[in-house]
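Here is the structure we will look at.
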Amino acid sequence: MSDLFSNAQHLRKPASVSKGGIVAAQSRKAAEIGAGVLAAGGDCIDAVVATTFALGVLEPWMSGLGGGGAMVLYRAREDRYEVIDYGMRAPGGIRSEDYPLTGAGTASDLFPWARVKDDRNLHGPGSIAVPGVVAGMEEAHRRHARLPWRELLAPSVDLAGNGLAVDWWTTLMIASSAADLRRYPASAAAYLVDGLPPNAPWGIKASVRLPQDRLKATLSYLAAEGARDFYQGDLARSIAADVQAGGGALSVEDLASFRAHGRVPLAIPYRGGKVYATPELTCGPTLAHALRLLQQRLQPGRSGPDAAAYAEYALALQSAYRERLQDMGDADGRRALGAEHLAPSCTTHFSVVDREGNMAAVTQTLLSTFGSKFVAPQSGITMNNGIMWFDPMPGGPNSLSPGKRCLTNYTPVLALAADGRRLAVGASGGRRILPAVAQLLSFVMDYGMDLDTAMHQPRIDASEGAVVIGDVRLPAPTRDALRARFDYEEARVQTFPMKFACPSVVLREGDTNSGANEIAQPWGDAVAEG
């Protein structure tokens, strides 16, 4: 841990409380758009669709039209939970022989796979999987929306027309990927200035914006023509042509056959309540393992988690990750475990509750920061690098093969606590997502915390094998106990690089809603309608 930072600085971000609906997201401006939809009479799902497309414009390094994801929904009138899965899959024409191993170790100190020649699985057209976000929004809109598709995309069209505003956070995120963005002409044109990251202005009235004219045209077209054109129309042909021109495998057939799928949520009993998670190729089953151990071993006290509780968090999470890594991949009998435990990734999560009590936990990703780093020249869409999720070494359950579903580490969940409160929770942060979600569930369901208290409660991370990372704000006895028992390191709650995940959560108690976002996220907020 760096010893250069202030020891006196304190971060706080109060939860938002309202009788109306709330959107909690990593981008305040996107949350405002979702909350505006709720105020206009939209359903929770209308806010989900509008927020999704806004996020794709505002933070293109995290998610967008070229990505995939999943959502867990609660429909209050029917008292029903459901999952919409729009995770990515490998193109049908992909060939493992096009990803030869170099024999030079692993891709990075954080990425477990053997290194592939030219990092073809990490960036560029060869790393692109079939994207699912538009199909996911299409399915959600078909099921539950009240407002027209065109109306829900209109705010994102306007945002793209305004261009990407450059502040210090934008500069930082672009700079972290500039070396690879400059490899691809359309990417460099979209995000760099003379081949370098843009600089945020010093002057109070100065403004720097990166034009997004192609993306605006694409969003306008998608708003007018509907979601299917992304998969079966001129837009699909444009995307496939751009990817194949660069040497990738994505085809019009891959896009035409893609659909979002409804799944039965994984219902996990916990402490007299239930946690509803995504099943199959997500981290939901791994969360179930961790919660099962916590239910058996954790003995909650009245004053919040103590040293023994944090030790149980660490042990449960380490056990869950060990199981996860023993048997993972889209293969017969092995559809429950993910492979991103050591892969750095950038994701966005947001949670929504409306005034009627409908709720959504939504996680979407390009996988890495800026995904493949490849912007499709004709459409301006930043594409995912979902092929990075596959093991390039042949013969394993998660080895790369045509049409295979990508494994993921995202964990959007809804929960019903024994006291009747409901919450929607999830996070961004790759391997760090599961520890954050498990602990937030425990803070609320084991210790009865309100959302403001839960979001300011220090957490640990136990996703790096034997290493346990503790927040420096933990009490000294807890830190000493963890240090005596584990390979223990400490980290600060900070904006970049985050050592803990970035959650966005909403909670409903009776007819009152609250929402909160990670206290160290500089853009994030929970915004109430009206």
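Residue numbers start at 1 in each chain; chains themselves are named A, B, ... in the order of the structure tokens; ligands are numbered from 1 in the order shown.
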Item to check | Nearby residues (only C-alpha atoms) at most 10 Å from region 201-215 of chain A, same-chain spacing under 3 positions excluded, as number ranges by chain | outcome: A: 56-57, 65, 156-157, 159-168, 189-193, 198, 218-221, 375-382
Quick one: DSSP strand (DSSP E or B) residues in region 208-370 of chain A, as a PDB file with N, CA and C atoms, in the first residue's frame?
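Listed below is the output, selection00.pdb:
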```pdb
ATOM      1  N   ARG A 209     -14.419  18.781 -25.121  1.00  0.00           N
ATOM      2  CA  ARG A 209     -15.330  17.674 -25.440  1.00  0.00           C
ATOM      3  C   ARG A 209     -14.805  16.909 -26.649  1.00  0.00           C
ATOM      4  N   LEU A 210     -14.941  15.598 -26.588  1.00  0.00           N
ATOM      5  CA  LEU A 210     -14.544  14.743 -27.695  1.00  0.00           C
ATOM      6  C   LEU A 210     -15.786  14.420 -28.519  1.00  0.00           C
ATOM      7  N   HIS A 261     -32.008 -14.077 -22.902  1.00  0.00           N
ATOM      8  CA  HIS A 261     -32.773 -15.207 -22.367  1.00  0.00           C
ATOM      9  C   HIS A 261     -33.284 -14.906 -20.970  1.00  0.00           C
ATOM     10  N   GLY A 262     -34.520 -15.292 -20.721  1.00  0.00           N
ATOM     11  CA  GLY A 262     -35.037 -15.280 -19.372  1.00  0.00           C
ATOM     12  C   GLY A 262     -34.516 -16.488 -18.616  1.00  0.00           C
ATOM     13  N   ARG A 263     -34.090 -16.289 -17.398  1.00  0.00           N
ATOM     14  CA  ARG A 263     -33.595 -17.382 -16.554  1.00  0.00           C
ATOM     15  C   ARG A 263     -34.371 -17.394 -15.243  1.00  0.00           C
ATOM     16  N   LEU A 266     -31.553 -17.759  -9.186  1.00  0.00           N
ATOM     17  CA  LEU A 266     -31.025 -18.644  -8.157  1.00  0.00           C
ATOM     18  C   LEU A 266     -31.508 -18.103  -6.814  1.00  0.00           C
ATOM     19  N   ALA A 267     -32.380 -18.840  -6.127  1.00  0.00           N
ATOM     20  CA  ALA A 267     -32.948 -18.404  -4.845  1.00  0.00           C
ATOM     21  C   ALA A 267     -32.115 -18.983  -3.713  1.00  0.00           C
ATOM     22  N   ILE A 268     -31.442 -18.123  -2.954  1.00  0.00           N
ATOM     23  CA  ILE A 268     -30.502 -18.540  -1.917  1.00  0.00           C
ATOM     24  C   ILE A 268     -31.095 -18.194  -0.556  1.00  0.00           C
ATOM     25  N   PRO A 269     -31.470 -19.171   0.246  1.00  0.00           N
ATOM     26  CA  PRO A 269     -31.963 -18.853   1.596  1.00  0.00           C
ATOM     27  C   PRO A 269     -30.846 -18.239   2.430  1.00  0.00           C
ATOM     28  N   TYR A 270     -31.181 -17.170   3.162  1.00  0.00           N
ATOM     29  CA  TYR A 270     -30.171 -16.563   4.017  1.00  0.00           C
ATOM     30  C   TYR A 270     -30.818 -15.824   5.181  1.00  0.00           C
ATOM     31  N   GLY A 273     -34.314 -14.835   5.249  1.00  0.00           N
ATOM     32  CA  GLY A 273     -34.762 -14.157   4.032  1.00  0.00           C
ATOM     33  C   GLY A 273     -34.318 -14.938   2.804  1.00  0.00           C
ATOM     34  N   LYS A 274     -34.284 -14.267   1.666  1.00  0.00           N
ATOM     35  CA  LYS A 274     -33.862 -14.905   0.407  1.00  0.00           C
ATOM     36  C   LYS A 274     -33.040 -13.915  -0.392  1.00  0.00           C
ATOM     37  N   VAL A 275     -32.026 -14.442  -1.060  1.00  0.00           N
ATOM     38  CA  VAL A 275     -31.220 -13.676  -1.995  1.00  0.00           C
ATOM     39  C   VAL A 275     -31.448 -14.266  -3.383  1.00  0.00           C
ATOM     40  N   TYR A 276     -31.802 -13.425  -4.331  1.00  0.00           N
ATOM     41  CA  TYR A 276     -32.096 -13.867  -5.703  1.00  0.00           C
ATOM     42  C   TYR A 276     -30.963 -13.399  -6.609  1.00  0.00           C
ATOM     43  N   ALA A 277     -30.260 -14.368  -7.193  1.00  0.00           N
ATOM     44  CA  ALA A 277     -29.057 -14.075  -7.961  1.00  0.00           C
ATOM     45  C   ALA A 277     -29.155 -14.642  -9.365  1.00  0.00           C
ATOM     46  N   CYS A 346     -13.427  -3.782 -16.300  1.00  0.00           N
ATOM     47  CA  CYS A 346     -14.188  -2.567 -16.026  1.00  0.00           C
ATOM     48  C   CYS A 346     -15.631  -2.814 -16.410  1.00  0.00           C
ATOM     49  N   THR A 347     -16.503  -2.495 -15.501  1.00  0.00           N
ATOM     50  CA  THR A 347     -17.913  -2.854 -15.584  1.00  0.00           C
ATOM     51  C   THR A 347     -18.711  -1.685 -15.041  1.00  0.00           C
ATOM     52  N   THR A 348     -20.002  -1.661 -15.315  1.00  0.00           N
ATOM     53  CA  THR A 348     -20.866  -0.698 -14.651  1.00  0.00           C
ATOM     54  C   THR A 348     -22.025  -1.448 -14.020  1.00  0.00           C
ATOM     55  N   HIS A 349     -22.404  -1.025 -12.823  1.00  0.00           N
ATOM     56  CA  HIS A 349     -23.598  -1.576 -12.182  1.00  0.00           C
ATOM     57  C   HIS A 349     -24.477  -0.420 -11.734  1.00  0.00           C
ATOM     58  N   PHE A 350     -25.790  -0.587 -11.939  1.00  0.00           N
ATOM     59  CA  PHE A 350     -26.722   0.374 -11.366  1.00  0.00           C
ATOM     60  C   PHE A 350     -27.940  -0.372 -10.845  1.00  0.00           C
ATOM     61  N   SER A 351     -28.605   0.247  -9.887  1.00  0.00           N
ATOM     62  CA  SER A 351     -29.789  -0.337  -9.263  1.00  0.00           C
ATOM     63  C   SER A 351     -30.918   0.684  -9.305  1.00  0.00           C
ATOM     64  N   VAL A 352     -32.147   0.176  -9.480  1.00  0.00           N
ATOM     65  CA  VAL A 352     -33.317   1.044  -9.641  1.00  0.00           C
ATOM     66  C   VAL A 352     -34.452   0.528  -8.774  1.00  0.00           C
ATOM     67  N   VAL A 353     -35.181   1.449  -8.160  1.00  0.00           N
ATOM     68  CA  VAL A 353     -36.454   1.125  -7.516  1.00  0.00           C
ATOM     69  C   VAL A 353     -37.443   2.215  -7.904  1.00  0.00           C
ATOM     70  N   MET A 359     -38.141  -3.316  -8.739  1.00  0.00           N
ATOM     71  CA  MET A 359     -36.703  -3.128  -8.526  1.00  0.00           C
ATOM     72  C   MET A 359     -35.894  -3.826  -9.612  1.00  0.00           C
ATOM     73  N   ALA A 360     -34.687  -3.307  -9.843  1.00  0.00           N
ATOM     74  CA  ALA A 360     -33.778  -3.914 -10.810  1.00  0.00           C
ATOM     75  C   ALA A 360     -32.341  -3.755 -10.340  1.00  0.00           C
ATOM     76  N   ALA A 361     -31.573  -4.835 -10.469  1.00  0.00           N
ATOM     77  CA  ALA A 361     -30.124  -4.804 -10.280  1.00  0.00           C
ATOM     78  C   ALA A 361     -29.513  -5.163 -11.629  1.00  0.00           C
ATOM     79  N   VAL A 362     -28.739  -4.247 -12.201  1.00  0.00           N
ATOM     80  CA  VAL A 362     -28.291  -4.375 -13.594  1.00  0.00           C
ATOM     81  C   VAL A 362     -26.775  -4.227 -13.662  1.00  0.00           C
ATOM     82  N   THR A 363     -26.105  -5.243 -14.201  1.00  0.00           N
ATOM     83  CA  THR A 363     -24.654  -5.171 -14.385  1.00  0.00           C
ATOM     84  C   THR A 363     -24.324  -5.390 -15.852  1.00  0.00           C
ATOM     85  N   GLN A 364     -23.499  -4.491 -16.401  1.00  0.00           N
ATOM     86  CA  GLN A 364     -23.127  -4.554 -17.817  1.00  0.00           C
ATOM     87  C   GLN A 364     -21.643  -4.238 -17.965  1.00  0.00           C
ATOM     88  N   THR A 365     -21.047  -4.793 -19.025  1.00  0.00           N
ATOM     89  CA  THR A 365     -19.589  -4.672 -19.129  1.00  0.00           C
ATOM     90  C   THR A 365     -19.108  -4.778 -20.560  1.00  0.00           C
ATOM     91  N   LEU A 366     -17.965  -4.139 -20.820  1.00  0.00           N
ATOM     92  CA  LEU A 366     -17.177  -4.399 -22.020  1.00  0.00           C
ATOM     93  C   LEU A 366     -16.054  -5.377 -21.706  1.00  0.00           C
ATOM     94  N   LEU A 367     -15.939  -5.790 -20.467  1.00  0.00           N
ATOM     95  CA  LEU A 367     -14.922  -6.630 -19.850  1.00  0.00           C
ATOM     96  C   LEU A 367     -13.727  -5.790 -19.419  1.00  0.00           C
TER      97      LEU A 367
END
```
Checklist entry - Can you tell me, as a ChimeraX atom specification, what residues are no more than 7 Å from Leu152 (chain A) when counting only C-alpha atoms, ignoring any on the same chain fewer than 4 positions away? => result /A:46,49-50,148
Next on the checklist: Residues near region 316-321 of chain A, anyone? I mean within 6 Å using only C-alpha atoms, not counting same-chain ones fewer than 4 positions away, as a count of residues only.
Outcome noted: 5
Checklist entry - Which one of A:Met383, A:Ala245, A:Ala135, A:Ile128 sits closest to Trp61 (chain A) if you count only C-alpha atoms? => result A:Met383
Checklist entry - What is the CA of Ala24 (chain A)-CA of Asp471 (chain A) distance in Å, reported with one decimal? => result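 Straight-line distance from CA of Ala24 (chain A) to CA of Asp471 (chain A) works out to 23.1 Å.
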Checklist entry - So what do you get for CA of Ser428 (chain A) versus CA of Tyr447 (chain A), distance-wise? => result 23.8 Å
Checklist entry - To one decimal place, how far is CA of Gly429 (chain A) from CA of Val472 (chain A) in Å? => result 19.0 Å
Next on the checklist: Using only C-alpha atoms, which protein or nucleic acid residues come within 9 Å of Glu509 (chain A)? Drop anything in the same chain fewer than 4 positions from it, and give the result as a PyMOL selection string.
Outcome noted: chain A and resi 420-423+513-514
Next on the checklist: Just checking: using only C-alpha atoms, which residue out of A:Ala114, A:Ala501, A:Val425, A:Ile460 ends up closest to Gly515 (chain A)?
Outcome noted: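 So, comparing all the options, the nearest one is A:Val425.
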Item to check | Neighbour list for Gln494 (chain A) as a PyMOL selection string, cut-off 12 Å, only C-alpha atoms, skip fewer than 5 positions in-chain | outcome: chain A and resi 1-2+5-6+9-12+471-472+499-502+518-522
Checklist entry - So which residues touch region 524-526 of chain A within 9 Å, counting only C-alpha atoms, skipping near sequence neighbours fewer than 4 positions away, as a list in words? => result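 With the cut-off at 9 Å, the set is Lys13, Ala15, Ser16, Ile22, Val23, Ala24, Ala25, Gln26, Ser27, Arg28, Lys29, Ala31, Glu32, Ser351, Ser504, Val505, Val506, Ser514, Gly515, Ala516, Asn517, Glu518, Ile519 and Ala520 of chain A.
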For the selection just defined, write its residues with C-alpha atoms to a file, as a compact mmCIF listing (two decimals), in the first residue's frame.
```txt
# COMPACT_ATOMS: atom_id res chain seq x y z
CA LYS A 13 -21.45 10.22 0.47
CA ALA A 15 -27.59 7.90 0.94
CA SER A 16 -30.57 9.40 -0.87
CA ILE A 22 -34.37 6.18 -7.10
CA VAL A 23 -31.60 5.29 -9.56
CA ALA A 24 -28.15 4.58 -8.07
CA ALA A 25 -25.37 4.52 -10.66
CA GLN A 26 -21.67 5.15 -11.21
CA SER A 27 -22.59 8.24 -13.23
CA ARG A 28 -24.76 10.91 -11.66
CA LYS A 29 -25.81 12.23 -15.07
CA ALA A 31 -28.84 8.35 -12.85
CA GLU A 32 -30.52 11.71 -13.42
CA SER A 351 -29.79 -0.34 -9.26
CA SER A 504 -24.59 0.86 -6.38
CA VAL A 505 -27.50 -0.14 -4.16
CA VAL A 506 -31.16 0.69 -3.57
CA SER A 514 -33.10 4.77 -0.30
CA GLY A 515 -30.14 4.59 -2.65
CA ALA A 516 -26.37 4.88 -2.44
CA ASN A 517 -23.21 4.53 -4.51
CA GLU A 518 -19.61 3.72 -3.54
CA ILE A 519 -18.27 6.63 -1.52
CA ALA A 520 -14.98 6.86 -3.47
```
Next on the checklist: Just list as a VMD selection string whatever in region 48-92 of chain A DSSP marks as alpha helix (DSSP H).
Outcome noted: chain A and resid 48 to 58
Checklist outcome for this item: Ser442 (chain A) proximity check over A:Pro305, A:Thr171, A:Ala178, A:Arg89, using only C-alpha atoms: winner is A:Pro305
Checklist entry - Pick from A:Gly124, A:Gly105, A:Pro265, A:Gly403: nearest to Val243 (chain A), with only C-alpha atoms counted? => result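 Counting only C-alpha atoms, the residue closest to Val243 (chain A) is A:Gly124.
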